[in-house]
Amino acid sequence: MSDNAAARPTVKPLLAALAGERVDPPPIWLMRQAGRYLPEYRATRAKAGDFLSLCYTPELAAEVTLQPIRRFGFDAAILFADILLVPQALGADLWFETGEGPRLSTITGPADLARLRPADAIHDRLAPVYETVRILARELPANVTLIGFAGAPWTVATYMVAGRGTPDQGPAHRLMAEDRATFDALIDRITEATIAYLSAQIEAGAETVKLFDSWAGSLEGEDFDRYALAPARRIISALGERHPGVPVIAFPRGAGARYAGFARATGADCVALDTAVDPDWAAREVQKDGCVQGNLDPRLMVEGGPALEAEARRILEAFAGGPHIFNLGHGITPDADPDNVARLVETVRTWSADRR
Ligand code: CP3
């Protein structure tokens with residue numbers, strides 16, 4: 001880690017931060033930065049017809065990925081796709097109920113598992129996603145980093161078991177308790193598919209990849225080690241062997257105290273922090289192991305006001321001693337005001353100048 005505050009990275013700012021450099025001002029992008037809060041996204045989505053068609057039409061998926069880069073000048077673009085494309089490529093039925101969210105065929109026992117395709121058979125279905133990555137690798141501005149992503153096995157399993165989003169991930173916890181062999185085999189299958197999927201994204205041009213474990217917070221004790229830590233470690237180590245030097249961002253949302261040590265235990269180059277994490281605590285306990293990302297409350301992108309700049313500055317200040325990527329603590333919501341996003345970018349980009 002460099003302690004030279006004025007270091008001007010010769011590489012892209014986001015990759016420099018991921019490599020452990022302190023970048024001033026820190027690079028910024030926002031989770032779900034392409035989405036319904038942008039009128040240009042809604043127009044392209046209408047052209048595609050529905051959300052999944054948008055994900056599987058490379059030219060349109062690339063277009064919505066680029067929209068927030070053009071509008072706000074973020075330091076990173078995240079591939080436009082969804083974590084549920086992997087279950088679909090494994091053979092699950094997937095559709096989106098308007099206004100309600102995703103629906104999938106369920107996994108309730110060994111017979112459902114036996115119907116899934118092998119992990120290495122996912123690529124034909126996912127080929128349009130790799131094509132989106134190739135388009136983006138060509139079209140992105142030189143200073144912008146291209147982020148690929150996948151859901152982490154536990155989070156993906158919660159949707160595959162329940163067939164939908166659930167408040168407490170109850171169905172997955174029940175399958176884990178009642179038929180551990182099936183549950184473990186499912187986690188294994190998703191883990192292998194995720195390695196194959198992220199590897200293909202990297203080969204197509206993704207410069208870093210992020211693992212979204214949105215429901216890691218509902219795993220306790222040994223279950224956290226077994227279903228959040230271990231699969232992340234396995235994915236990161238397999239990617240490290242195939243693609244040395246490509247950094248990985250892990251997002252074990254809701255991990256609380258277990259954010260401490262997560263990077264060391266999994267090999268992640270950066271840990272993304274959710275809104276509940278105290279930045280001063282994370283600066284001491286998490287940032288000492290490498291880059292952190294986060295963690296402004298997405299509510300501030302709706303409400304704006306003086307709290308927006310005050311909170312952003314509090315986070316910038318807390319993480320100023322080491323590598324930091326500015327982001328929200330969770331995805332931006334459809335009711336966010338694009339003007340608040342522009343104010344946030346301005347606040348982050350002018351922050352060190354303000355301090356001097
Ligand atoms: O961040 C980005 O801009 C990249 C694209 C991206 C999407 N989903 C697009 C999307 C990413 C990285 C995701 C991740 C994702 N998808 C997660 C993990 C992160 C998180 O938010 O916790 C999860 C759990 C999903 C599954 C999913 N996809 C749900 C539960 C929903 C419905 C909820 C909603 O916001 O409507 C989706 C749909 C979805 N994925 C949308 C977008 C832009 C909205 C679809 C639309 O246009 O109607």
# chains A, B, ... in the order shown; residues from 1 in each chain; ligands from 1
$ residues_around --residues "segment 103-113 of chain A" --least-positions-apart "5" --cutoff "12 Å" --atoms "only C-alpha atoms" --output "VMD selection string"
chain A and resid 84 to 88 90 to 98 118 156 to 166 171 to 176 178 to 190
$ residues_near_ligand --ligand "ligand 1" --cutoff "9 Å" --atoms "only C-alpha atoms and all ligand atoms" --output "MDAnalysis selection string"
chainID A and resid 30:36 41:42 45 50:52 54:55 64:65 68 77:84 96:102 148:152 155:156 159 164:165 210:215 251 253 330:334
$ residues_around --residues "segment 335-350 of chain A" --least-positions-apart "4" --cutoff "9 Å" --atoms "only C-alpha atoms" --output "number ranges by chain"
A: 24-29, 36-38, 71-74, 298-305, 308-309, 312-313, 316, 326, 354-355
$ select_by_dssp --residues "segment 68-282 of chain A" --states "strand (DSSP E)" --output "NGL selection string"
:A and (76-78 or 94-97 or 101-104 or 145-151 or 208-213 or 248-252 or 270-272)
$ closest_residue --among "A:Cys291, A:Ala200, A:Ala17, A:Ala257" --to "Asp124 of chain A" --atoms "only C-alpha atoms"
A:Ala200
$ select_by_dssp --residues "segment 208-286 of chain A" --states "alpha helix (DSSP H)" --output "list in words"
Gly221, Glu222, Asp223, Phe224, Ala230, Pro231, Ala232, Arg233, Arg234, Ile235, Ile236, Ser237, Ala238, Leu239, Gly240, Glu241, Arg242, Phe262, Ala263, Arg264, Ala265, Thr266, Pro279, Asp280, Trp281, Ala282, Ala283, Arg284 and Glu285 of chain A
$ closest_residue --among "A:Ala310, A:Leu126, A:Leu273, A:Ile147" --to "Thr57 of chain A" --atoms "only C-alpha atoms"
A:Leu126
$ closest_residue --among "A:Arg226, A:His123, A:Arg284, A:His324" --to "Ile249 of chain A" --atoms "only C-alpha atoms"
A:His324
$ closest_residue --among "A:Thr132, A:Thr208, A:Thr266, A:Ser199" --to "Gly245 of chain A" --atoms "only C-alpha atoms"
A:Thr208
$ closest_residue --among "A:Leu18, A:Val11, A:Leu140, A:Ala206" --to "Glu63 of chain A" --atoms "only C-alpha atoms"
A:Leu140
$ atom_distance --atom1 "atom CA of Pro323 of chain A" --atom2 "atom CA of Ala196 of chain A"
29.0 Å
$ closest_residue --among "A:Ala238, A:Leu229, A:Leu116, A:Val23" --to "Ala255 of chain A" --atoms "only C-alpha atoms"
A:Leu229
$ decode --residues "segment 66-103 of chain A" --atoms "N, CA and C atoms" --output "PDB file, in the first residue's frame"
ATOM      1  N   LEU A  66     -23.465   1.817 -20.512  1.00  0.00           N
ATOM      2  CA  LEU A  66     -22.730   3.053 -20.809  1.00  0.00           C
ATOM      3  C   LEU A  66     -23.469   4.321 -20.379  1.00  0.00           C
ATOM      4  N   GLN A  67     -24.798   4.236 -20.272  1.00  0.00           N
ATOM      5  CA  GLN A  67     -25.592   5.446 -19.973  1.00  0.00           C
ATOM      6  C   GLN A  67     -25.115   6.186 -18.716  1.00  0.00           C
ATOM      7  N   PRO A  68     -24.943   5.504 -17.575  1.00  0.00           N
ATOM      8  CA  PRO A  68     -24.489   6.252 -16.381  1.00  0.00           C
ATOM      9  C   PRO A  68     -23.050   6.753 -16.494  1.00  0.00           C
ATOM     10  N   ILE A  69     -22.239   6.117 -17.359  1.00  0.00           N
ATOM     11  CA  ILE A  69     -20.866   6.589 -17.554  1.00  0.00           C
ATOM     12  C   ILE A  69     -20.915   7.927 -18.289  1.00  0.00           C
ATOM     13  N   ARG A  70     -21.746   7.978 -19.335  1.00  0.00           N
ATOM     14  CA  ARG A  70     -21.872   9.227 -20.102  1.00  0.00           C
ATOM     15  C   ARG A  70     -22.425  10.345 -19.229  1.00  0.00           C
ATOM     16  N   ARG A  71     -23.462  10.022 -18.442  1.00  0.00           N
ATOM     17  CA  ARG A  71     -24.152  11.058 -17.691  1.00  0.00           C
ATOM     18  C   ARG A  71     -23.340  11.567 -16.506  1.00  0.00           C
ATOM     19  N   PHE A  72     -22.667  10.642 -15.787  1.00  0.00           N
ATOM     20  CA  PHE A  72     -22.015  11.030 -14.525  1.00  0.00           C
ATOM     21  C   PHE A  72     -20.487  10.929 -14.544  1.00  0.00           C
ATOM     22  N   GLY A  73     -19.913  10.260 -15.545  1.00  0.00           N
ATOM     23  CA  GLY A  73     -18.450  10.106 -15.580  1.00  0.00           C
ATOM     24  C   GLY A  73     -17.890   9.217 -14.486  1.00  0.00           C
ATOM     25  N   PHE A  74     -18.609   8.145 -14.149  1.00  0.00           N
ATOM     26  CA  PHE A  74     -18.100   7.224 -13.120  1.00  0.00           C
ATOM     27  C   PHE A  74     -16.768   6.603 -13.538  1.00  0.00           C
ATOM     28  N   ASP A  75     -16.026   6.100 -12.527  1.00  0.00           N
ATOM     29  CA  ASP A  75     -14.741   5.438 -12.782  1.00  0.00           C
ATOM     30  C   ASP A  75     -14.883   3.979 -13.195  1.00  0.00           C
ATOM     31  N   ALA A  76     -16.082   3.412 -13.026  1.00  0.00           N
ATOM     32  CA  ALA A  76     -16.269   2.016 -13.428  1.00  0.00           C
ATOM     33  C   ALA A  76     -17.635   1.836 -14.050  1.00  0.00           C
ATOM     34  N   ALA A  77     -17.688   0.878 -14.977  1.00  0.00           N
ATOM     35  CA  ALA A  77     -18.952   0.454 -15.568  1.00  0.00           C
ATOM     36  C   ALA A  77     -19.158  -0.987 -15.135  1.00  0.00           C
ATOM     37  N   ILE A  78     -20.361  -1.314 -14.644  1.00  0.00           N
ATOM     38  CA  ILE A  78     -20.640  -2.705 -14.305  1.00  0.00           C
ATOM     39  C   ILE A  78     -21.536  -3.292 -15.388  1.00  0.00           C
ATOM     40  N   LEU A  79     -21.062  -4.415 -15.896  1.00  0.00           N
ATOM     41  CA  LEU A  79     -21.802  -5.167 -16.909  1.00  0.00           C
ATOM     42  C   LEU A  79     -23.285  -5.188 -16.552  1.00  0.00           C
ATOM     43  N   PHE A  80     -24.156  -4.919 -17.519  1.00  0.00           N
ATOM     44  CA  PHE A  80     -25.586  -5.013 -17.254  1.00  0.00           C
ATOM     45  C   PHE A  80     -26.052  -6.438 -17.503  1.00  0.00           C
ATOM     46  N   ALA A  81     -26.484  -7.083 -16.423  1.00  0.00           N
ATOM     47  CA  ALA A  81     -26.966  -8.472 -16.460  1.00  0.00           C
ATOM     48  C   ALA A  81     -27.675  -8.693 -15.139  1.00  0.00           C
ATOM     49  N   ASP A  82     -27.857  -9.929 -14.707  1.00  0.00           N
ATOM     50  CA  ASP A  82     -28.471 -10.189 -13.411  1.00  0.00           C
ATOM     51  C   ASP A  82     -27.885 -11.458 -12.813  1.00  0.00           C
ATOM     52  N   ILE A  83     -27.871 -11.533 -11.480  1.00  0.00           N
ATOM     53  CA  ILE A  83     -27.313 -12.724 -10.831  1.00  0.00           C
ATOM     54  C   ILE A  83     -28.147 -13.972 -11.144  1.00  0.00           C
ATOM     55  N   LEU A  84     -29.386 -13.794 -11.560  1.00  0.00           N
ATOM     56  CA  LEU A  84     -30.256 -14.953 -11.785  1.00  0.00           C
ATOM     57  C   LEU A  84     -30.113 -15.549 -13.186  1.00  0.00           C
ATOM     58  N   LEU A  85     -29.228 -14.989 -14.012  1.00  0.00           N
ATOM     59  CA  LEU A  85     -28.975 -15.600 -15.326  1.00  0.00           C
ATOM     60  C   LEU A  85     -28.238 -16.926 -15.168  1.00  0.00           C
ATOM     61  N   VAL A  86     -27.466 -17.087 -14.095  1.00  0.00           N
ATOM     62  CA  VAL A  86     -26.739 -18.351 -13.878  1.00  0.00           C
ATOM     63  C   VAL A  86     -27.716 -19.500 -13.574  1.00  0.00           C
ATOM     64  N   PRO A  87     -28.652 -19.327 -12.620  1.00  0.00           N
ATOM     65  CA  PRO A  87     -29.658 -20.394 -12.456  1.00  0.00           C
ATOM     66  C   PRO A  87     -30.392 -20.715 -13.759  1.00  0.00           C
ATOM     67  N   GLN A  88     -30.716 -19.694 -14.523  1.00  0.00           N
ATOM     68  CA  GLN A  88     -31.414 -19.945 -15.790  1.00  0.00           C
ATOM     69  C   GLN A  88     -30.533 -20.763 -16.733  1.00  0.00           C
ATOM     70  N   ALA A  89     -29.241 -20.439 -16.789  1.00  0.00           N
ATOM     71  CA  ALA A  89     -28.329 -21.185 -17.659  1.00  0.00           C
ATOM     72  C   ALA A  89     -28.141 -22.623 -17.159  1.00  0.00           C
ATOM     73  N   LEU A  90     -28.346 -22.816 -15.850  1.00  0.00           N
ATOM     74  CA  LEU A  90     -28.272 -24.178 -15.292  1.00  0.00           C
ATOM     75  C   LEU A  90     -29.570 -24.957 -15.536  1.00  0.00           C
ATOM     76  N   GLY A  91     -30.565 -24.281 -16.103  1.00  0.00           N
ATOM     77  CA  GLY A  91     -31.788 -25.007 -16.462  1.00  0.00           C
ATOM     78  C   GLY A  91     -33.026 -24.624 -15.670  1.00  0.00           C
ATOM     79  N   ALA A  92     -32.897 -23.715 -14.707  1.00  0.00           N
ATOM     80  CA  ALA A  92     -34.091 -23.273 -13.969  1.00  0.00           C
ATOM     81  C   ALA A  92     -34.949 -22.389 -14.879  1.00  0.00           C
ATOM     82  N   ASP A  93     -36.269 -22.435 -14.694  1.00  0.00           N
ATOM     83  CA  ASP A  93     -37.134 -21.465 -15.358  1.00  0.00           C
ATOM     84  C   ASP A  93     -36.987 -20.142 -14.614  1.00  0.00           C
ATOM     85  N   LEU A  94     -36.976 -19.041 -15.354  1.00  0.00           N
ATOM     86  CA  LEU A  94     -36.850 -17.717 -14.719  1.00  0.00           C
ATOM     87  C   LEU A  94     -37.750 -16.737 -15.439  1.00  0.00           C
ATOM     88  N   TRP A  95     -38.519 -15.979 -14.667  1.00  0.00           N
ATOM     89  CA  TRP A  95     -39.276 -14.883 -15.249  1.00  0.00           C
ATOM     90  C   TRP A  95     -39.430 -13.786 -14.196  1.00  0.00           C
ATOM     91  N   PHE A  96     -39.796 -12.601 -14.635  1.00  0.00           N
ATOM     92  CA  PHE A  96     -39.960 -11.476 -13.710  1.00  0.00           C
ATOM     93  C   PHE A  96     -41.412 -11.058 -13.692  1.00  0.00           C
ATOM     94  N   GLU A  97     -42.042 -11.086 -12.528  1.00  0.00           N
ATOM     95  CA  GLU A  97     -43.412 -10.615 -12.366  1.00  0.00           C
ATOM     96  C   GLU A  97     -43.347  -9.100 -12.206  1.00  0.00           C
ATOM     97  N   THR A  98     -44.051  -8.380 -13.069  1.00  0.00           N
ATOM     98  CA  THR A  98     -43.997  -6.920 -13.035  1.00  0.00           C
ATOM     99  C   THR A  98     -44.359  -6.398 -11.645  1.00  0.00           C
ATOM    100  N   GLY A  99     -43.496  -5.560 -11.107  1.00  0.00           N
ATOM    101  CA  GLY A  99     -43.736  -4.946  -9.808  1.00  0.00           C
ATOM    102  C   GLY A  99     -43.495  -5.879  -8.632  1.00  0.00           C
ATOM    103  N   GLU A 100     -43.141  -7.135  -8.881  1.00  0.00           N
ATOM    104  CA  GLU A 100     -42.958  -8.074  -7.773  1.00  0.00           C
ATOM    105  C   GLU A 100     -41.568  -8.668  -7.689  1.00  0.00           C
ATOM    106  N   GLY A 101     -40.859  -8.731  -8.815  1.00  0.00           N
ATOM    107  CA  GLY A 101     -39.523  -9.310  -8.780  1.00  0.00           C
ATOM    108  C   GLY A 101     -39.449 -10.683  -9.403  1.00  0.00           C
ATOM    109  N   PRO A 102     -38.319 -11.365  -9.181  1.00  0.00           N
ATOM    110  CA  PRO A 102     -38.053 -12.606  -9.904  1.00  0.00           C
ATOM    111  C   PRO A 102     -38.865 -13.812  -9.419  1.00  0.00           C
ATOM    112  N   ARG A 103     -39.150 -14.700 -10.357  1.00  0.00           N
ATOM    113  CA  ARG A 103     -39.757 -16.008 -10.049  1.00  0.00           C
ATOM    114  C   ARG A 103     -38.942 -17.076 -10.749  1.00  0.00           C
TER     115      ARG A 103
END
